[in-house]
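Undergrad: For reference, the file structure_9.csv (CSV, N, CA and C atoms) is included below:
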chain,number,residue,atom,x,y,z
H,1,MET,N,18.7,-13.5,8.7
H,1,MET,CA,18.4,-13.4,7.2
H,1,MET,C,19.2,-12.3,6.6
H,2,SER,N,19.9,-12.6,5.6
H,2,SER,CA,20.7,-11.5,4.9
H,2,SER,C,19.9,-11.0,3.7
H,3,PHE,N,19.7,-9.6,3.8
H,3,PHE,CA,19.0,-9.0,2.7
H,3,PHE,C,19.9,-8.6,1.6
H,4,SER,N,21.2,-8.7,1.8
H,4,SER,CA,22.1,-8.3,0.7
H,4,SER,C,22.1,-9.2,-0.5
H,5,ARG,N,21.6,-10.4,-0.3
H,5,ARG,CA,21.6,-11.4,-1.4
H,5,ARG,C,20.2,-11.4,-2.1
H,6,THR,N,19.2,-10.8,-1.5
H,6,THR,CA,17.9,-10.8,-2.0
H,6,THR,C,17.8,-9.9,-3.2
H,7,LYS,N,17.2,-10.3,-4.3
H,7,LYS,CA,17.1,-9.5,-5.5
H,7,LYS,C,15.6,-9.2,-5.7
H,8,SER,N,15.0,-8.7,-4.7
H,8,SER,CA,13.6,-8.4,-4.8
H,8,SER,C,13.3,-7.0,-4.2
H,9,VAL,N,12.3,-6.4,-4.8
H,9,VAL,CA,11.8,-5.1,-4.3
H,9,VAL,C,10.7,-5.4,-3.3
H,10,THR,N,10.7,-4.9,-2.2
H,10,THR,CA,9.6,-5.1,-1.3
H,10,THR,C,9.3,-3.8,-0.7
H,11,LEU,N,8.1,-3.3,-1.1
H,11,LEU,CA,7.6,-2.0,-0.5
H,11,LEU,C,6.4,-2.4,0.3
H,12,PHE,N,6.5,-2.2,1.6
H,12,PHE,CA,5.4,-2.5,2.5
H,12,PHE,C,4.6,-1.2,2.7
H,13,ALA,N,3.4,-1.3,2.5
H,13,ALA,CA,2.6,-0.1,2.9
H,13,ALA,C,1.5,-0.7,3.7
H,14,VAL,N,1.7,-0.6,5.0
H,14,VAL,CA,0.7,-1.0,5.9
H,14,VAL,C,-0.3,0.1,6.1
H,15,LEU,N,-1.4,0.0,5.4
H,15,LEU,CA,-2.3,1.1,5.3
H,15,LEU,C,-3.4,1.0,6.4
H,16,GLY,N,-3.2,0.1,7.3
H,16,GLY,CA,-4.1,-0.1,8.4
H,16,GLY,C,-5.5,0.5,8.2
H,17,ILE,N,-6.0,1.3,9.1
H,17,ILE,CA,-7.2,2.0,8.9
H,17,ILE,C,-6.9,3.3,8.2
H,18,LEU,N,-7.2,3.3,6.9
H,18,LEU,CA,-7.0,4.4,6.1
H,18,LEU,C,-8.3,5.2,6.1
H,19,ALA,N,-8.2,6.3,6.7
H,19,ALA,CA,-9.5,7.1,6.9
H,19,ALA,C,-9.2,8.5,6.2
H,20,PHE,N,-10.0,8.9,5.3
H,20,PHE,CA,-9.9,10.2,4.7
H,20,PHE,C,-11.3,10.8,4.9
H,21,ALA,N,-11.4,11.6,5.9
H,21,ALA,CA,-12.7,12.0,6.3
H,21,ALA,C,-12.9,13.5,6.2
H,22,ALA,N,-14.0,14.0,5.7
H,22,ALA,CA,-14.3,15.4,5.7
H,22,ALA,C,-14.7,15.8,7.1
H,23,THR,N,-14.1,16.9,7.6
H,23,THR,CA,-14.3,17.2,9.0
H,23,THR,C,-15.8,17.7,9.2
H,24,ALA,N,-16.5,18.2,8.2
H,24,ALA,CA,-17.8,18.7,8.4
H,24,ALA,C,-18.8,17.6,8.9
H,25,ASN,N,-18.7,16.5,8.3
H,25,ASN,CA,-19.6,15.4,8.6
H,25,ASN,C,-18.9,14.1,9.1
H,26,ALA,N,-17.6,14.1,9.1
H,26,ALA,CA,-16.7,13.0,9.6
H,26,ALA,C,-17.1,11.7,8.9
H,27,SER,N,-17.5,11.7,7.7
H,27,SER,CA,-17.7,10.4,7.0
H,27,SER,C,-16.5,10.0,6.2
H,28,GLU,N,-16.3,8.7,6.1
H,28,GLU,CA,-15.1,8.2,5.4
H,28,GLU,C,-15.4,8.3,3.9
H,29,LEU,N,-14.4,8.8,3.2
H,29,LEU,CA,-14.5,9.0,1.7
H,29,LEU,C,-14.0,7.8,1.0
H,30,LEU,N,-13.0,7.0,1.6
H,30,LEU,CA,-12.5,5.9,0.9
H,30,LEU,C,-13.2,4.6,1.4
H,31,THR,N,-13.3,3.6,0.5
H,31,THR,CA,-13.9,2.4,0.8
H,31,THR,C,-12.9,1.3,1.0
H,32,ASN,N,-13.1,0.4,2.0
H,32,ASN,CA,-12.2,-0.7,2.2
H,32,ASN,C,-10.8,-0.2,2.5
H,33,GLY,N,-10.7,0.8,3.3
H,33,GLY,CA,-9.4,1.4,3.6
H,33,GLY,C,-8.4,0.5,4.4
H,34,SER,N,-9.0,-0.4,5.2
H,34,SER,CA,-8.2,-1.3,6.0
H,34,SER,C,-8.0,-2.7,5.3
H,35,PHE,N,-8.6,-2.9,4.1
H,35,PHE,CA,-8.5,-4.1,3.3
H,35,PHE,C,-9.0,-5.3,4.1
H,36,GLU,N,-9.9,-5.1,5.1
H,36,GLU,CA,-10.4,-6.2,5.8
H,36,GLU,C,-11.4,-7.1,5.0
H,37,SER,N,-11.8,-6.6,3.8
H,37,SER,CA,-12.7,-7.4,3.0
H,37,SER,C,-11.8,-8.6,2.4
H,38,GLY,N,-10.5,-8.4,2.4
H,38,GLY,CA,-9.6,-9.5,1.9
H,38,GLY,C,-9.4,-9.3,0.4
H,39,LEU,N,-10.0,-8.2,-0.2
H,39,LEU,CA,-9.9,-7.9,-1.6
H,39,LEU,C,-9.5,-6.4,-1.8
H,40,PHE,N,-9.1,-6.1,-3.0
H,40,PHE,CA,-8.7,-4.7,-3.2
H,40,PHE,C,-9.9,-3.8,-3.6
H,41,ASN,N,-11.0,-4.4,-4.0
H,41,ASN,CA,-12.2,-3.7,-4.5
H,41,ASN,C,-12.6,-2.6,-3.5
H,42,PRO,N,-12.7,-1.3,-3.8
H,42,PRO,CA,-12.6,-0.7,-5.1
H,42,PRO,C,-11.2,-0.1,-5.5
H,43,TRP,N,-10.1,-0.5,-4.8
H,43,TRP,CA,-8.8,-0.1,-5.1
H,43,TRP,C,-8.4,-0.6,-6.5
H,44,VAL,N,-7.6,0.2,-7.2
H,44,VAL,CA,-7.0,-0.2,-8.5
H,44,VAL,C,-5.5,-0.4,-8.3
H,45,VAL,N,-5.1,-1.6,-8.8
H,45,VAL,CA,-3.7,-2.0,-8.7
H,45,VAL,C,-3.0,-1.7,-10.1
H,46,THR,N,-1.9,-0.9,-10.1
H,46,THR,CA,-1.2,-0.7,-11.3
H,46,THR,C,0.3,-1.0,-11.1
H,47,ASN,N,0.9,-1.8,-12.0
H,47,ASN,CA,2.3,-2.2,-11.8
H,47,ASN,C,3.1,-1.8,-13.1
H,48,SER,N,4.4,-1.5,-12.9
H,48,SER,CA,5.2,-1.2,-14.0
H,48,SER,C,5.9,-2.4,-14.5
H,49,THR,N,5.8,-3.5,-13.9
H,49,THR,CA,6.5,-4.8,-14.3
H,49,THR,C,5.5,-5.9,-14.6
H,50,THR,N,5.9,-6.9,-15.3
H,50,THR,CA,5.0,-8.0,-15.7
H,50,THR,C,5.6,-9.3,-15.1
H,51,ASP,N,6.4,-9.3,-14.1
H,51,ASP,CA,7.1,-10.5,-13.6
H,51,ASP,C,6.4,-11.1,-12.4
H,52,GLY,N,5.1,-10.6,-12.1
H,52,GLY,CA,4.4,-11.1,-11.0
H,52,GLY,C,4.5,-10.2,-9.8
H,53,SER,N,5.4,-9.2,-9.8
H,53,SER,CA,5.5,-8.3,-8.7
H,53,SER,C,4.2,-7.5,-8.7
H,54,SER,N,3.7,-7.2,-7.5
H,54,SER,CA,2.4,-6.5,-7.4
H,54,SER,C,2.1,-6.2,-6.0
H,55,TRP,N,0.9,-5.6,-5.8
H,55,TRP,CA,0.3,-5.4,-4.5
H,55,TRP,C,-0.5,-6.7,-4.1
H,56,PHE,N,-0.5,-7.0,-2.8
H,56,PHE,CA,-1.2,-8.2,-2.3
H,56,PHE,C,-2.0,-7.8,-1.1
H,57,VAL,N,-3.1,-8.4,-0.8
H,57,VAL,CA,-3.8,-8.3,0.5
H,57,VAL,C,-3.2,-9.4,1.3
H,58,ASN,N,-2.6,-9.1,2.4
H,58,ASN,CA,-1.9,-10.1,3.2
H,58,ASN,C,-2.4,-10.1,4.6
H,59,THR,N,-2.2,-11.3,5.3
H,59,THR,CA,-2.6,-11.4,6.7
H,59,THR,C,-1.5,-11.9,7.5
H,60,GLY,N,-0.4,-12.3,6.9
H,60,GLY,CA,0.7,-12.9,7.7
H,60,GLY,C,1.8,-11.9,8.0
H,61,LEU,N,2.9,-12.4,8.5
H,61,LEU,CA,4.1,-11.5,8.8
H,61,LEU,C,5.2,-11.6,7.8
H,62,PHE,N,4.9,-12.2,6.6
H,62,PHE,CA,5.9,-12.3,5.6
H,62,PHE,C,5.3,-12.0,4.3
H,63,THR,N,6.1,-11.5,3.3
H,63,THR,CA,5.6,-11.1,2.0
H,63,THR,C,5.3,-12.4,1.2
H,64,PRO,N,4.3,-12.4,0.4
H,64,PRO,CA,3.8,-13.6,-0.3
H,64,PRO,C,4.8,-14.2,-1.3
H,65,LEU,N,5.6,-13.5,-2.0
H,65,LEU,CA,6.5,-14.0,-3.0
H,65,LEU,C,7.9,-14.3,-2.5
H,66,ASN,N,8.5,-13.5,-1.7
H,66,ASN,CA,9.9,-13.6,-1.3
H,66,ASN,C,10.0,-14.1,0.2
H,67,GLY,N,8.9,-14.0,1.0
H,67,GLY,CA,9.0,-14.3,2.4
H,67,GLY,C,9.7,-13.3,3.2
H,68,ASN,N,9.9,-12.1,2.8
H,68,ASN,CA,10.5,-11.1,3.6
H,68,ASN,C,9.6,-10.7,4.8
H,69,PRO,N,10.2,-10.4,6.0
H,69,PRO,CA,9.4,-10.0,7.1
H,69,PRO,C,8.7,-8.7,7.0
H,70,THR,N,7.4,-8.6,7.5
H,70,THR,CA,6.7,-7.4,7.6
H,70,THR,C,6.2,-7.2,9.0
H,71,PRO,N,5.8,-6.0,9.3
H,71,PRO,CA,5.2,-5.8,10.7
H,71,PRO,C,3.8,-6.3,10.8
H,72,GLY,N,3.1,-6.7,9.8
H,72,GLY,CA,1.8,-7.2,9.9
H,72,GLY,C,0.8,-6.0,9.9
H,73,ALA,N,-0.5,-6.3,10.1
H,73,ALA,CA,-1.5,-5.3,10.1
H,73,ALA,C,-1.4,-4.5,11.3
H,74,SER,N,-1.7,-3.2,11.2
H,74,SER,CA,-1.6,-2.3,12.3
H,74,SER,C,-3.0,-2.3,13.1
H,75,ASP,N,-4.0,-2.7,12.4
H,75,ASP,CA,-5.3,-2.9,13.0
H,75,ASP,C,-6.1,-3.9,12.2
H,76,GLY,N,-6.8,-4.8,12.9
H,76,GLY,CA,-7.5,-5.8,12.1
H,76,GLY,C,-6.5,-6.9,11.8
H,77,THR,N,-6.8,-7.7,10.7
H,77,THR,CA,-6.0,-8.8,10.3
H,77,THR,C,-5.4,-8.7,8.9
H,78,HIS,N,-5.9,-7.7,8.1
H,78,HIS,CA,-5.5,-7.6,6.7
H,78,HIS,C,-4.7,-6.3,6.4
H,79,TYR,N,-3.8,-6.3,5.4
H,79,TYR,CA,-3.1,-5.1,5.0
H,79,TYR,C,-2.6,-5.3,3.6
H,80,ALA,N,-2.3,-4.1,3.0
H,80,ALA,CA,-1.8,-4.2,1.6
H,80,ALA,C,-0.2,-4.2,1.7
H,81,VAL,N,0.4,-5.0,0.8
H,81,VAL,CA,1.8,-5.1,0.8
H,81,VAL,C,2.2,-5.3,-0.7
H,82,THR,N,3.4,-4.8,-1.1
H,82,THR,CA,3.9,-5.1,-2.4
H,82,THR,C,5.1,-6.1,-2.2
H,83,ASP,N,5.3,-6.9,-3.2
H,83,ASP,CA,6.4,-7.9,-3.2
H,83,ASP,C,6.7,-8.1,-4.7
H,84,GLY,N,8.0,-8.3,-4.9
H,84,GLY,CA,8.4,-8.5,-6.3
H,84,GLY,C,9.8,-9.1,-6.4
H,85,PHE,N,10.2,-9.3,-7.7
H,85,PHE,CA,11.4,-10.0,-8.0
H,85,PHE,C,12.5,-9.0,-8.6
H,86,GLY,N,12.2,-7.8,-8.5
H,86,GLY,CA,13.2,-6.8,-9.0
H,86,GLY,C,12.6,-5.4,-8.9
H,87,PRO,N,13.3,-4.4,-9.4
H,87,PRO,CA,12.8,-3.0,-9.3
H,87,PRO,C,11.5,-2.8,-10.1
H,88,GLY,N,10.7,-1.9,-9.6
H,88,GLY,CA,9.5,-1.6,-10.3
H,88,GLY,C,8.6,-0.6,-9.4
H,89,SER,N,7.6,-0.1,-10.1
H,89,SER,CA,6.7,0.8,-9.4
H,89,SER,C,5.3,0.1,-9.3
H,90,HIS,N,4.7,0.3,-8.1
H,90,HIS,CA,3.4,-0.4,-7.9
H,90,HIS,C,2.5,0.7,-7.2
H,91,ALA,N,1.4,1.0,-7.9
H,91,ALA,CA,0.5,2.0,-7.4
H,91,ALA,C,-0.8,1.4,-7.0
H,92,LEU,N,-1.3,1.9,-5.9
H,92,LEU,CA,-2.6,1.5,-5.4
H,92,LEU,C,-3.5,2.7,-5.3
H,93,THR,N,-4.6,2.8,-6.1
H,93,THR,CA,-5.3,4.0,-6.2
H,93,THR,C,-6.8,3.8,-5.9
H,94,GLN,N,-7.5,4.8,-5.5
H,94,GLN,CA,-8.9,4.8,-5.4
H,94,GLN,C,-9.5,6.2,-5.7
H,95,THR,N,-10.5,6.2,-6.5
H,95,THR,CA,-11.2,7.5,-6.8
H,95,THR,C,-12.3,7.7,-5.7
H,96,PHE,N,-12.4,8.9,-5.3
H,96,PHE,CA,-13.5,9.3,-4.3
H,96,PHE,C,-14.0,10.7,-4.7
H,97,LEU,N,-15.2,10.9,-4.2
H,97,LEU,CA,-15.8,12.3,-4.4
H,97,LEU,C,-15.7,13.1,-3.1
H,98,ASN,N,-15.2,14.3,-3.2
H,98,ASN,CA,-15.1,15.2,-2.1
H,98,ASN,C,-16.5,15.9,-2.0
H,99,PRO,N,-17.2,15.8,-0.9
H,99,PRO,CA,-18.5,16.4,-0.7
H,99,PRO,C,-18.4,17.9,-0.9
H,100,LEU,N,-19.4,18.4,-1.6
H,100,LEU,CA,-19.6,19.9,-1.8
H,100,LEU,C,-19.5,20.6,-0.5
H,101,GLY,N,-18.8,21.7,-0.4
H,101,GLY,CA,-18.7,22.5,0.8
H,101,GLY,C,-17.6,22.1,1.8
H,102,THR,N,-16.9,21.0,1.4
H,102,THR,CA,-15.8,20.6,2.3
H,102,THR,C,-14.7,21.6,2.4
H,103,VAL,N,-14.4,22.1,3.7
H,103,VAL,CA,-13.4,23.1,3.9
H,103,VAL,C,-12.1,22.4,4.2
H,104,SER,N,-12.1,21.3,4.9
H,104,SER,CA,-10.9,20.6,5.3
H,104,SER,C,-11.2,19.1,5.4
H,105,ALA,N,-10.1,18.3,5.3
H,105,ALA,CA,-10.3,16.9,5.4
H,105,ALA,C,-9.0,16.3,6.0
H,106,THR,N,-9.0,15.1,6.5
H,106,THR,CA,-7.9,14.5,7.2
H,106,THR,C,-7.6,13.2,6.5
H,107,LEU,N,-6.3,13.0,6.1
H,107,LEU,CA,-5.9,11.6,5.6
H,107,LEU,C,-5.1,11.0,6.7
H,108,SER,N,-5.5,9.8,7.1
H,108,SER,CA,-4.8,9.1,8.2
H,108,SER,C,-4.4,7.7,7.7
H,109,LEU,N,-3.1,7.4,7.8
H,109,LEU,CA,-2.7,6.0,7.4
H,109,LEU,C,-1.4,5.6,8.2
H,110,ASP,N,-1.2,4.3,8.1
H,110,ASP,CA,0.0,3.7,8.7
H,110,ASP,C,0.8,3.2,7.5
H,111,ILE,N,2.1,3.5,7.4
H,111,ILE,CA,2.9,3.0,6.3
H,111,ILE,C,4.3,2.6,6.9
H,112,PHE,N,4.7,1.5,6.3
H,112,PHE,CA,6.1,0.9,6.7
H,112,PHE,C,6.7,0.7,5.3
H,113,VAL,N,7.9,1.2,5.1
H,113,VAL,CA,8.7,1.0,3.9
H,113,VAL,C,10.0,0.3,4.2
H,114,ASN,N,10.2,-0.8,3.4
H,114,ASN,CA,11.5,-1.5,3.5
H,114,ASN,C,11.8,-2.0,2.1
H,115,ASP,N,12.7,-1.4,1.4
H,115,ASP,CA,13.0,-1.8,0.1
H,115,ASP,C,14.3,-2.6,0.1
H,116,VAL,N,14.3,-3.9,0.0
H,116,VAL,CA,15.5,-4.7,0.1
H,116,VAL,C,16.2,-4.8,-1.2
H,117,TYR,N,15.7,-4.3,-2.3
H,117,TYR,CA,16.4,-4.2,-3.5
H,117,TYR,C,17.4,-3.0,-3.5
H,118,ARG,N,16.9,-1.9,-3.0
H,118,ARG,CA,17.7,-0.7,-3.0
H,118,ARG,C,18.5,-0.6,-1.7
H,119,LEU,N,19.5,-1.4,-1.6
H,119,LEU,CA,20.3,-1.4,-0.3
H,119,LEU,C,20.8,0.0,-0.1
H,120,GLY,N,20.7,0.5,1.2
H,120,GLY,CA,21.2,1.8,1.5
H,120,GLY,C,20.1,2.9,1.4
H,121,GLY,N,18.9,2.5,1.0
H,121,GLY,CA,17.9,3.6,0.9
H,121,GLY,C,16.5,3.0,0.5
H,122,SER,N,15.5,3.6,1.0
H,122,SER,CA,14.1,3.2,0.7
H,122,SER,C,13.3,4.4,0.5
H,123,PHE,N,12.2,4.3,-0.1
H,123,PHE,CA,11.2,5.4,-0.2
H,123,PHE,C,9.8,4.8,-0.4
H,124,GLY,N,8.9,5.6,0.0
H,124,GLY,CA,7.5,5.3,-0.2
H,124,GLY,C,6.8,6.7,-0.4
H,125,GLN,N,5.7,6.7,-1.1
H,125,GLN,CA,5.1,8.0,-1.4
H,125,GLN,C,3.6,7.8,-1.4
H,126,VAL,N,2.9,8.9,-0.9
H,126,VAL,CA,1.5,9.0,-0.9
H,126,VAL,C,1.1,10.3,-1.6
H,127,ASP,N,0.3,10.2,-2.6
H,127,ASP,CA,-0.1,11.4,-3.4
H,127,ASP,C,-1.6,11.5,-3.4
H,128,LEU,N,-2.1,12.7,-3.3
H,128,LEU,CA,-3.5,13.0,-3.5
H,128,LEU,C,-3.6,13.8,-4.8
H,129,LEU,N,-4.3,13.4,-5.8
H,129,LEU,CA,-4.4,14.0,-7.0
H,129,LEU,C,-5.8,14.5,-7.3
H,130,ALA,N,-5.9,15.7,-7.9
H,130,ALA,CA,-7.2,16.2,-8.3
H,130,ALA,C,-7.8,15.4,-9.4
H,131,GLY,N,-9.1,15.4,-9.5
H,131,GLY,CA,-9.8,14.6,-10.6
H,131,GLY,C,-9.3,15.0,-12.0
H,132,GLY,N,-9.0,14.0,-12.8
H,132,GLY,CA,-8.5,14.3,-14.1
H,132,GLY,C,-7.0,14.4,-14.2
H,133,ALA,N,-6.3,14.3,-13.0
H,133,ALA,CA,-4.9,14.4,-13.0
H,133,ALA,C,-4.3,13.1,-13.6
H,134,ASN,N,-3.1,13.2,-14.3
H,134,ASN,CA,-2.5,12.1,-14.9
H,134,ASN,C,-1.5,11.5,-13.9
Could you render the structure as structure tokens?

TA:
Amino acid sequence: MSFSRTKSVTLFAVLGILAFAATANASELLTNGSFESGLFNPWVVTNSTTDGSSWFVNTGLFTPLNGNPTPGASDGTHYAVTDGFGPGSHALTQTFLNPLGTVSATLSLDIFVNDVYRLGGSFGQVDLLAGGAN
């Protein structure tokens, strides 16, 4: 398969078991981190494009719009993946409460990035923002 002719952005974020746990009580702060419910709830999907490009909960080894190969789920059967018809930004966010007295916490995730639109380079980003951040 030649990716040089593909005019789509594909950012794969295999978020497998996404665990953000406070070390004091080792409880998970994020809900549905592995997307095994088959839905994004309570994740919020935000896209910069209106062409159908978006995040998808996927179970196969190919993206749902363009059929580009993915590594699949790192654990379980479901994972989050973006697929689209051109350049754009796609955010997947979830608000959580940090328990009072938390001294440290651990964010653990699996991510795979393959951007077939930006030949010669790819990028993916994970940000933790304080409440009220824009």

Undergrad: Taking (4.9, -12.3, -5.2) in the file's own coordinates, collect the residues within 5 Å, counting all atoms listed in the file, and hand them back as a PDB file with N, CA and C atoms, in the coordinates of the input.

TA:
ATOM      1  N   PRO H  64       4.300 -12.400   0.400  1.00  0.00           N
ATOM      2  CA  PRO H  64       3.800 -13.600  -0.300  1.00  0.00           C
ATOM      3  C   PRO H  64       4.800 -14.200  -1.300  1.00  0.00           C
ATOM      4  N   LEU H  65       5.600 -13.500  -2.000  1.00  0.00           N
ATOM      5  CA  LEU H  65       6.500 -14.000  -3.000  1.00  0.00           C
ATOM      6  C   LEU H  65       7.900 -14.300  -2.500  1.00  0.00           C
ATOM      7  N   ASP H  83       5.300  -6.900  -3.200  1.00  0.00           N
ATOM      8  CA  ASP H  83       6.400  -7.900  -3.200  1.00  0.00           C
ATOM      9  C   ASP H  83       6.700  -8.100  -4.700  1.00  0.00           C
TER      10      ASP H  83
END

Undergrad: Can you tell me, as a ChimeraX atom specification, which residues sit within 8 Å of (-14.5, 7.0, -2.1) in the file's frame, using only N, CA and C atoms?

TA: /H:28-32,94-98

Undergrad: One decimal, in Å: what's the spacing between atom CA of H:Ser108 and atom C of H:Asn68?

TA: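 So the two atoms, atom CA of H:Ser108 and atom C of H:Asn68, lie 24.7 Å apart.
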
Undergrad: Write down as a tab-separated table (two decimals) with N, CA and C atoms, keeping the file's coordinate frame the residues belonging to stretch 66-106 of chain H that are assigned strand (DSSP E or B) by DSSP computed on the backbone.

TA:
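Result file follows (result_0.tsv):
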chain	number	residue	atom	x	y	z
H	69	PRO	N	10.20	-10.40	6.00
H	69	PRO	CA	9.40	-10.00	7.10
H	69	PRO	C	8.70	-8.70	7.00
H	79	TYR	N	-3.80	-6.30	5.40
H	79	TYR	CA	-3.10	-5.10	5.00
H	79	TYR	C	-2.60	-5.30	3.60
H	80	ALA	N	-2.30	-4.10	3.00
H	80	ALA	CA	-1.80	-4.20	1.60
H	80	ALA	C	-0.20	-4.20	1.70
H	81	VAL	N	0.40	-5.00	0.80
H	81	VAL	CA	1.80	-5.10	0.80
H	81	VAL	C	2.20	-5.30	-0.70
H	82	THR	N	3.40	-4.80	-1.10
H	82	THR	CA	3.90	-5.10	-2.40
H	82	THR	C	5.10	-6.10	-2.20
H	83	ASP	N	5.30	-6.90	-3.20
H	83	ASP	CA	6.40	-7.90	-3.20
H	83	ASP	C	6.70	-8.10	-4.70
H	90	HIS	N	4.70	0.30	-8.10
H	90	HIS	CA	3.40	-0.40	-7.90
H	90	HIS	C	2.50	0.70	-7.20
H	91	ALA	N	1.40	1.00	-7.90
H	91	ALA	CA	0.50	2.00	-7.40
H	91	ALA	C	-0.80	1.40	-7.00
H	92	LEU	N	-1.30	1.90	-5.90
H	92	LEU	CA	-2.60	1.50	-5.40
H	92	LEU	C	-3.50	2.70	-5.30
H	93	THR	N	-4.60	2.80	-6.10
H	93	THR	CA	-5.30	4.00	-6.20
H	93	THR	C	-6.80	3.80	-5.90
H	105	ALA	N	-10.10	18.30	5.30
H	105	ALA	CA	-10.30	16.90	5.40
H	105	ALA	C	-9.00	16.30	6.00
H	106	THR	N	-9.00	15.10	6.50
H	106	THR	CA	-7.90	14.50	7.20
H	106	THR	C	-7.60	13.20	6.50

Undergrad: Taking only C-alpha atoms into account, which of H:Ser53, H:Asn66, H:Ser37, H:Thr46 comes nearest H:Thr93?

TA: H:Thr46

Undergrad: At a cut-off of 7 Å, using only N, CA and C atoms, what residues contact H:Val57? Leave out same-chain residues fewer than 3 positions from it and give the result as an NGL selection string.

TA: :H and (35 or 38-40 or 60 or 78-81)
